[in-house]
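Peer 1: One structure, as structure tokens, below. Some questions next.
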Amino acid sequence: MHIRRRFFLLFLALCLLAASVVPAAGGLSRLFPPDADAYDALCWAQEAGITAPADCILSTLGSRLTLKQAALWLHRYAYEPVPHSRCADALPAWPEAARWYAPLHWCAEQGLVAVSEAEPNRVLSRTDALLLLRRYVQGWERRGAEAEAAPEEGRYVDLPADPEELAAWRWALTEALLPGTTAYTLSPDKPMTRLDFLCLLYRYSRYPGAPALQCETEYGLAVRGWQRKLLETAELALGAEWVDDAYELGEEGIPTVIDCSGYVNWMFTYSGFRPYEDLVCKALWNSETFEHVLDRGKYEEGADYLARISDELKPGDLLLDHDPESGWHIMVYLELRDEGLLVLHSVSGLGVTYSLFPPGSGYIKRLHGVLRYTPEP
């Protein structure tokens, strides 16, 4: 009897715990009806490190979305870029210890929110949330966020008159970021809930109409942010031949011959992030375009260095490898997994390719430093 009672109490506790973290269907707003993919959105957000477990408690998911919460999640979605300091004097005196300080500072300096409106506790309407996401897309991912007219937009009687707000709603409707509804109103001024915003971000993360990447199908990666746009470009040149200090461009400007640093420069140029006149640019580690981060210690072994910086690496970082005999080599970091280090690069003998270096590989032993690119506002 005691054993049965203990099992029953354990089962009851698990049920209560599940009820506290899984949103009830009645708690979803009309924008995201009960048959929407809210559960998938919550699972995705936690797996991607966008939310913490405490963010997904039922009692808070239905709460109104504040600017500081939206900024925090969007900042994590973008792999937590470090904000610069040029907006510091214009922004309110926020406590730097707050976890939303850097995200909100970043949103303001990137123009995702007006400095005059960067009040942390400001409640965002559905239109405000769409504007925040669309500005991010336009500024950071270089993706089309335009639509002449959304399908069946004439059925809605309350589309905003403001041009930018109207464009944001047209884009969201056209890209199916919002679920279908039989209602004739969008309620653009209605407060957005935390769950609504996570669902919106989740739908966008699946990139309607975006091509499937080899790194997704072959390696199971799920890269987001501007880094995905970079990889979409980078994969166009897979198979190009490596020739030191040379390059040749084929149809539509895609390399047929390219060395490692030229390949990196081409990726950023062709993606529209940073134009270069000369694709063969050996001195990347001295370039002002890329920030020196996570340098290796003078007496540190390469494997120890990689283990030390593993939690700080982000997809799209540039790994510098130095061999005293053959010189410098540069690779695009993608992921550190149990079986090794996954990179994309142009390398002698293979050309442009993905490589998975096992622990103990010479490329890991010779790691020298890390460069990082941050899109400008």
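Identifiers in this document derive from the order of the structure tokens: chains are assigned A, B, ..., residues are numbered from 1 separately in each chain, and ligands are numbered from 1 in order of occurrence.
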For A:Gly253, please output as a VMD selection string all residues within 10 Å (counting only C-alpha atoms; exclusion window: fewer than 2 positions along the same chain).
Peer 2: chain A and resid 237 248 to 251 255 to 256 266 270
Peer 1: Can you pull out the residues contacting A:Trp94? Cut-off 10 Å, using only C-alpha atoms, and skip same-chain residues under 6 positions away; I want them as a ChimeraX atom specification.
Peer 2: /A:88,100-102,104-105,119-120
Peer 1: Write out, as a PDB file, in the first residue's frame, the residues just selected, with C-alpha atoms.
Peer 2:
ATOM      1  CA  ALA A  88      24.932  54.782 -24.198  1.00  0.00           C
ATOM      2  CA  TRP A 100      17.948  42.590 -20.528  1.00  0.00           C
ATOM      3  CA  TYR A 101      20.456  45.480 -20.433  1.00  0.00           C
ATOM      4  CA  ALA A 102      22.642  44.327 -23.336  1.00  0.00           C
ATOM      5  CA  LEU A 104      17.770  46.294 -25.153  1.00  0.00           C
ATOM      6  CA  HIS A 105      20.890  48.360 -25.736  1.00  0.00           C
ATOM      7  CA  GLU A 119      11.470  51.874 -22.136  1.00  0.00           C
ATOM      8  CA  PRO A 120      12.078  48.353 -20.756  1.00  0.00           C
TER       9      PRO A 120
END
Peer 1: For the alpha helix (DSSP H) assignment from backbone DSSP, which residues of stretch 118-346 of chain A qualify? Please present them as a ChimeraX atom specification.
Peer 2: /A:126-136,163-174,194-205,214-219,226-234,260-271,302-309
Peer 1: Report the distance between atom CA of A:Leu195 and atom CA of A:Gly62 in Å, rounded to one decimal place.
Peer 2: 6.3 Å
Peer 1: Nearest to A:Arg203 among A:Phe273, A:Tyr219, A:Trp44, A:Tyr156, with distances taken over only C-alpha atoms: which residue is it?
Peer 2: A:Trp44
Peer 1: Hey, which of A:Leu342, A:Ala303, A:Arg126, A:Arg308 ends up closest to A:Gly360? Count only C-alpha atoms.
Peer 2: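 Nearest candidate to A:Gly360 out of A:Leu342, A:Ala303, A:Arg126, A:Arg308: A:Ala303.
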Peer 1: Ranking A:Arg135, A:Arg194, A:Arg99, A:Lys314 by minimum distance to A:Thr66 and counting only C-alpha atoms, which one comes first?
Peer 2: A:Arg194
Peer 1: Do you know which residues are at most 9 Å from A:Asp128 counting only C-alpha atoms, after dropping those on the same chain fewer than 6 positions away, and could you put them as an mmCIF file with C-alpha atoms, in the first residue's frame?
Peer 2:
data_model
loop_
_atom_site.group_PDB
_atom_site.id
_atom_site.type_symbol
_atom_site.label_atom_id
_atom_site.label_comp_id
_atom_site.auth_asym_id
_atom_site.auth_seq_id
_atom_site.Cartn_x
_atom_site.Cartn_y
_atom_site.Cartn_z
ATOM 1 C CA GLU A 165 3.076 49.312 -39.901
ATOM 2 C CA PRO A 188 -3.155 45.547 -34.396
ATOM 3 C CA ASP A 189 -3.201 47.574 -31.173
ATOM 4 C CA PRO A 191 -1.114 43.683 -26.585
ATOM 5 C CA MET A 192 1.056 40.829 -27.797
#
Peer 1: For the contact check between stretch 188-272 of chain A and stretch 316-338 of chain A, emit one row per residue of stretch 188-272 of chain A within 9 Å, containing the shortest atom pair and the distance in Å rounded to one decimal, counting only C-alpha atoms, chain then rising number order, as a tab-separated table.
Peer 2:
residue	atom	partner	partner_atom	distance
A:Leu221	CA	A:Glu335	CA	8.3
A:Val223	CA	A:Leu334	CA	8.5
A:Trp226	CA	A:Gly316	CA	8.9
A:Gln227	CA	A:Gly316	CA	5.7
A:Arg228	CA	A:Gly316	CA	8.7
A:Leu230	CA	A:Gly316	CA	7.8
A:Leu231	CA	A:Gly316	CA	8.4
A:Cys260	CA	A:Ile330	CA	5.9
A:Ser261	CA	A:Ile330	CA	6.2
A:Val264	CA	A:Val332	CA	7.8
Peer 1: For A:Gly239, please output as a compact mmCIF listing (two decimals) with N, CA and C atoms, in the first residue's frame all residues within 8 Å (counting only C-alpha atoms; exclusion window: fewer than 3 positions along the same chain).
Peer 2:
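result-v7.txt, freshly written:
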# COMPACT_ATOMS: atom_id res chain seq x y z
N THR A 256 34.71 29.29 -58.95
CA THR A 256 35.11 27.97 -59.41
C THR A 256 36.49 27.63 -58.87
N LEU A 350 40.80 19.46 -51.45
CA LEU A 350 39.35 19.22 -51.38
C LEU A 350 38.54 20.38 -51.96
N GLY A 351 39.10 21.57 -51.92
CA GLY A 351 38.34 22.73 -52.37
C GLY A 351 37.36 23.18 -51.30
N VAL A 352 36.26 23.79 -51.72
CA VAL A 352 35.25 24.28 -50.77
C VAL A 352 34.44 23.09 -50.27
N THR A 353 34.45 22.87 -48.96
CA THR A 353 33.81 21.68 -48.42
C THR A 353 33.51 21.87 -46.94
Peer 1: List as a PyMOL selection string the protein and nucleic acid residues near A:Pro375, meaning an atom at most 12 Å away when only C-alpha atoms are counted, but skip any in the same chain fewer than 6 places from it.
Peer 2: chain A and resi 78+81-84+106+109-110+136-142+225-227+230+268+271-274+289-291+316
Peer 1: Those residues you just picked out, can you put them in a file as a PDB file, in the first residue's frame with N, CA and C atoms?
Peer 2:
ATOM      1  N   ALA A  78      19.600  35.934 -32.161  1.00  0.00           N
ATOM      2  CA  ALA A  78      20.695  36.438 -32.994  1.00  0.00           C
ATOM      3  C   ALA A  78      22.060  36.039 -32.460  1.00  0.00           C
ATOM      4  N   PRO A  81      24.750  39.068 -29.942  1.00  0.00           N
ATOM      5  CA  PRO A  81      25.821  39.989 -30.347  1.00  0.00           C
ATOM      6  C   PRO A  81      26.082  41.033 -29.273  1.00  0.00           C
ATOM      7  N   VAL A  82      27.323  41.463 -29.180  1.00  0.00           N
ATOM      8  CA  VAL A  82      27.713  42.447 -28.171  1.00  0.00           C
ATOM      9  C   VAL A  82      27.398  43.842 -28.694  1.00  0.00           C
ATOM     10  N   PRO A  83      26.610  44.635 -27.975  1.00  0.00           N
ATOM     11  CA  PRO A  83      26.312  45.994 -28.446  1.00  0.00           C
ATOM     12  C   PRO A  83      27.525  46.897 -28.326  1.00  0.00           C
ATOM     13  N   HIS A  84      27.563  47.925 -29.162  1.00  0.00           N
ATOM     14  CA  HIS A  84      28.609  48.930 -29.075  1.00  0.00           C
ATOM     15  C   HIS A  84      28.190  49.976 -28.029  1.00  0.00           C
ATOM     16  N   TRP A 106      21.327  46.747 -27.501  1.00  0.00           N
ATOM     17  CA  TRP A 106      21.586  46.291 -28.872  1.00  0.00           C
ATOM     18  C   TRP A 106      20.418  46.642 -29.791  1.00  0.00           C
ATOM     19  N   GLU A 109      20.553  50.478 -30.553  1.00  0.00           N
ATOM     20  CA  GLU A 109      21.622  50.936 -31.440  1.00  0.00           C
ATOM     21  C   GLU A 109      21.484  50.372 -32.841  1.00  0.00           C
ATOM     22  N   GLN A 110      20.804  49.241 -32.985  1.00  0.00           N
ATOM     23  CA  GLN A 110      20.589  48.661 -34.309  1.00  0.00           C
ATOM     24  C   GLN A 110      19.368  49.253 -35.006  1.00  0.00           C
ATOM     25  N   TYR A 136      14.513  43.769 -37.657  1.00  0.00           N
ATOM     26  CA  TYR A 136      15.622  42.848 -37.468  1.00  0.00           C
ATOM     27  C   TYR A 136      15.939  42.116 -38.771  1.00  0.00           C
ATOM     28  N   VAL A 137      14.908  41.623 -39.436  1.00  0.00           N
ATOM     29  CA  VAL A 137      15.095  40.889 -40.691  1.00  0.00           C
ATOM     30  C   VAL A 137      15.756  41.770 -41.740  1.00  0.00           C
ATOM     31  N   GLN A 138      15.283  42.986 -41.868  1.00  0.00           N
ATOM     32  CA  GLN A 138      15.825  43.895 -42.879  1.00  0.00           C
ATOM     33  C   GLN A 138      17.260  44.296 -42.583  1.00  0.00           C
ATOM     34  N   GLY A 139      17.581  44.486 -41.317  1.00  0.00           N
ATOM     35  CA  GLY A 139      18.900  44.972 -40.969  1.00  0.00           C
ATOM     36  C   GLY A 139      19.940  43.901 -40.759  1.00  0.00           C
ATOM     37  N   TRP A 140      19.527  42.710 -40.292  1.00  0.00           N
ATOM     38  CA  TRP A 140      20.498  41.704 -39.902  1.00  0.00           C
ATOM     39  C   TRP A 140      20.549  40.504 -40.832  1.00  0.00           C
ATOM     40  N   GLU A 141      19.463  40.161 -41.462  1.00  0.00           N
ATOM     41  CA  GLU A 141      19.463  38.944 -42.263  1.00  0.00           C
ATOM     42  C   GLU A 141      19.428  39.228 -43.757  1.00  0.00           C
ATOM     43  N   ARG A 142      19.277  40.492 -44.128  1.00  0.00           N
ATOM     44  CA  ARG A 142      19.273  40.893 -45.530  1.00  0.00           C
ATOM     45  C   ARG A 142      18.261  40.078 -46.326  1.00  0.00           C
ATOM     46  N   GLY A 225      19.431  33.449 -37.802  1.00  0.00           N
ATOM     47  CA  GLY A 225      20.049  34.760 -37.816  1.00  0.00           C
ATOM     48  C   GLY A 225      20.764  35.045 -39.129  1.00  0.00           C
ATOM     49  N   TRP A 226      21.606  36.087 -39.124  1.00  0.00           N
ATOM     50  CA  TRP A 226      22.317  36.435 -40.346  1.00  0.00           C
ATOM     51  C   TRP A 226      23.287  35.332 -40.761  1.00  0.00           C
ATOM     52  N   GLN A 227      23.655  34.470 -39.818  1.00  0.00           N
ATOM     53  CA  GLN A 227      24.574  33.387 -40.133  1.00  0.00           C
ATOM     54  C   GLN A 227      23.966  32.410 -41.143  1.00  0.00           C
ATOM     55  N   LEU A 230      24.441  33.803 -44.524  1.00  0.00           N
ATOM     56  CA  LEU A 230      25.820  33.612 -44.935  1.00  0.00           C
ATOM     57  C   LEU A 230      26.031  32.195 -45.476  1.00  0.00           C
ATOM     58  N   PHE A 268      31.050  37.025 -47.588  1.00  0.00           N
ATOM     59  CA  PHE A 268      30.519  38.269 -47.029  1.00  0.00           C
ATOM     60  C   PHE A 268      30.144  39.251 -48.134  1.00  0.00           C
ATOM     61  N   SER A 271      26.946  37.837 -50.012  1.00  0.00           N
ATOM     62  CA  SER A 271      25.773  37.878 -49.125  1.00  0.00           C
ATOM     63  C   SER A 271      25.253  39.284 -48.929  1.00  0.00           C
ATOM     64  N   GLY A 272      26.085  40.284 -49.268  1.00  0.00           N
ATOM     65  CA  GLY A 272      25.671  41.671 -49.112  1.00  0.00           C
ATOM     66  C   GLY A 272      26.014  42.274 -47.778  1.00  0.00           C
ATOM     67  N   PHE A 273      26.776  41.558 -46.958  1.00  0.00           N
ATOM     68  CA  PHE A 273      27.118  42.072 -45.644  1.00  0.00           C
ATOM     69  C   PHE A 273      28.308  43.028 -45.684  1.00  0.00           C
ATOM     70  N   ARG A 274      29.328  42.653 -46.456  1.00  0.00           N
ATOM     71  CA  ARG A 274      30.534  43.475 -46.481  1.00  0.00           C
ATOM     72  C   ARG A 274      31.218  43.338 -47.840  1.00  0.00           C
ATOM     73  N   THR A 289      37.355  44.816 -40.257  1.00  0.00           N
ATOM     74  CA  THR A 289      36.022  44.251 -40.462  1.00  0.00           C
ATOM     75  C   THR A 289      35.686  43.207 -39.409  1.00  0.00           C
ATOM     76  N   PHE A 290      36.685  42.429 -39.029  1.00  0.00           N
ATOM     77  CA  PHE A 290      36.471  41.325 -38.104  1.00  0.00           C
ATOM     78  C   PHE A 290      37.149  41.629 -36.765  1.00  0.00           C
ATOM     79  N   GLU A 291      36.423  41.375 -35.717  1.00  0.00           N
ATOM     80  CA  GLU A 291      36.925  41.645 -34.372  1.00  0.00           C
ATOM     81  C   GLU A 291      37.729  40.454 -33.852  1.00  0.00           C
ATOM     82  N   GLY A 316      29.395  31.025 -37.613  1.00  0.00           N
ATOM     83  CA  GLY A 316      29.846  32.177 -38.383  1.00  0.00           C
ATOM     84  C   GLY A 316      31.145  32.769 -37.899  1.00  0.00           C
TER      85      GLY A 316
END
Peer 1: At what distance in Å, to one decimal, does atom CA of A:Pro163 lie from atom CA of A:Ala149?
Peer 2: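 Those two atoms sit 12.3 Å apart.
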Peer 1: Go ahead and compute the interatomic distance for atom CA of A:Leu67 and atom CA of A:Asp40, in Å to one decimal.
Peer 2: 23.4 Å
Peer 1: Which is closer to A:Ser310 than all the others in A:Val347, A:Ala98, A:Ala108, A:Val370, using only C-alpha atoms?
Peer 2: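 Comparing A:Val347, A:Ala98, A:Ala108, A:Val370 against A:Ser310, the winner is A:Val370.
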Peer 1: Which residue, A:Gly349, A:Ile258, A:Leu367, A:Leu344, has the smallest gap to A:Asp304 when you use only C-alpha atoms?
Peer 2: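 Using only C-alpha atoms, the shortest distance to A:Asp304 belongs to A:Leu367.
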Peer 1: Restricting the calculation to only C-alpha atoms, which member of A:Phe197, A:Leu130, A:Tyr204, A:Arg155 is positioned closest to A:Arg143?
Peer 2: A:Tyr204
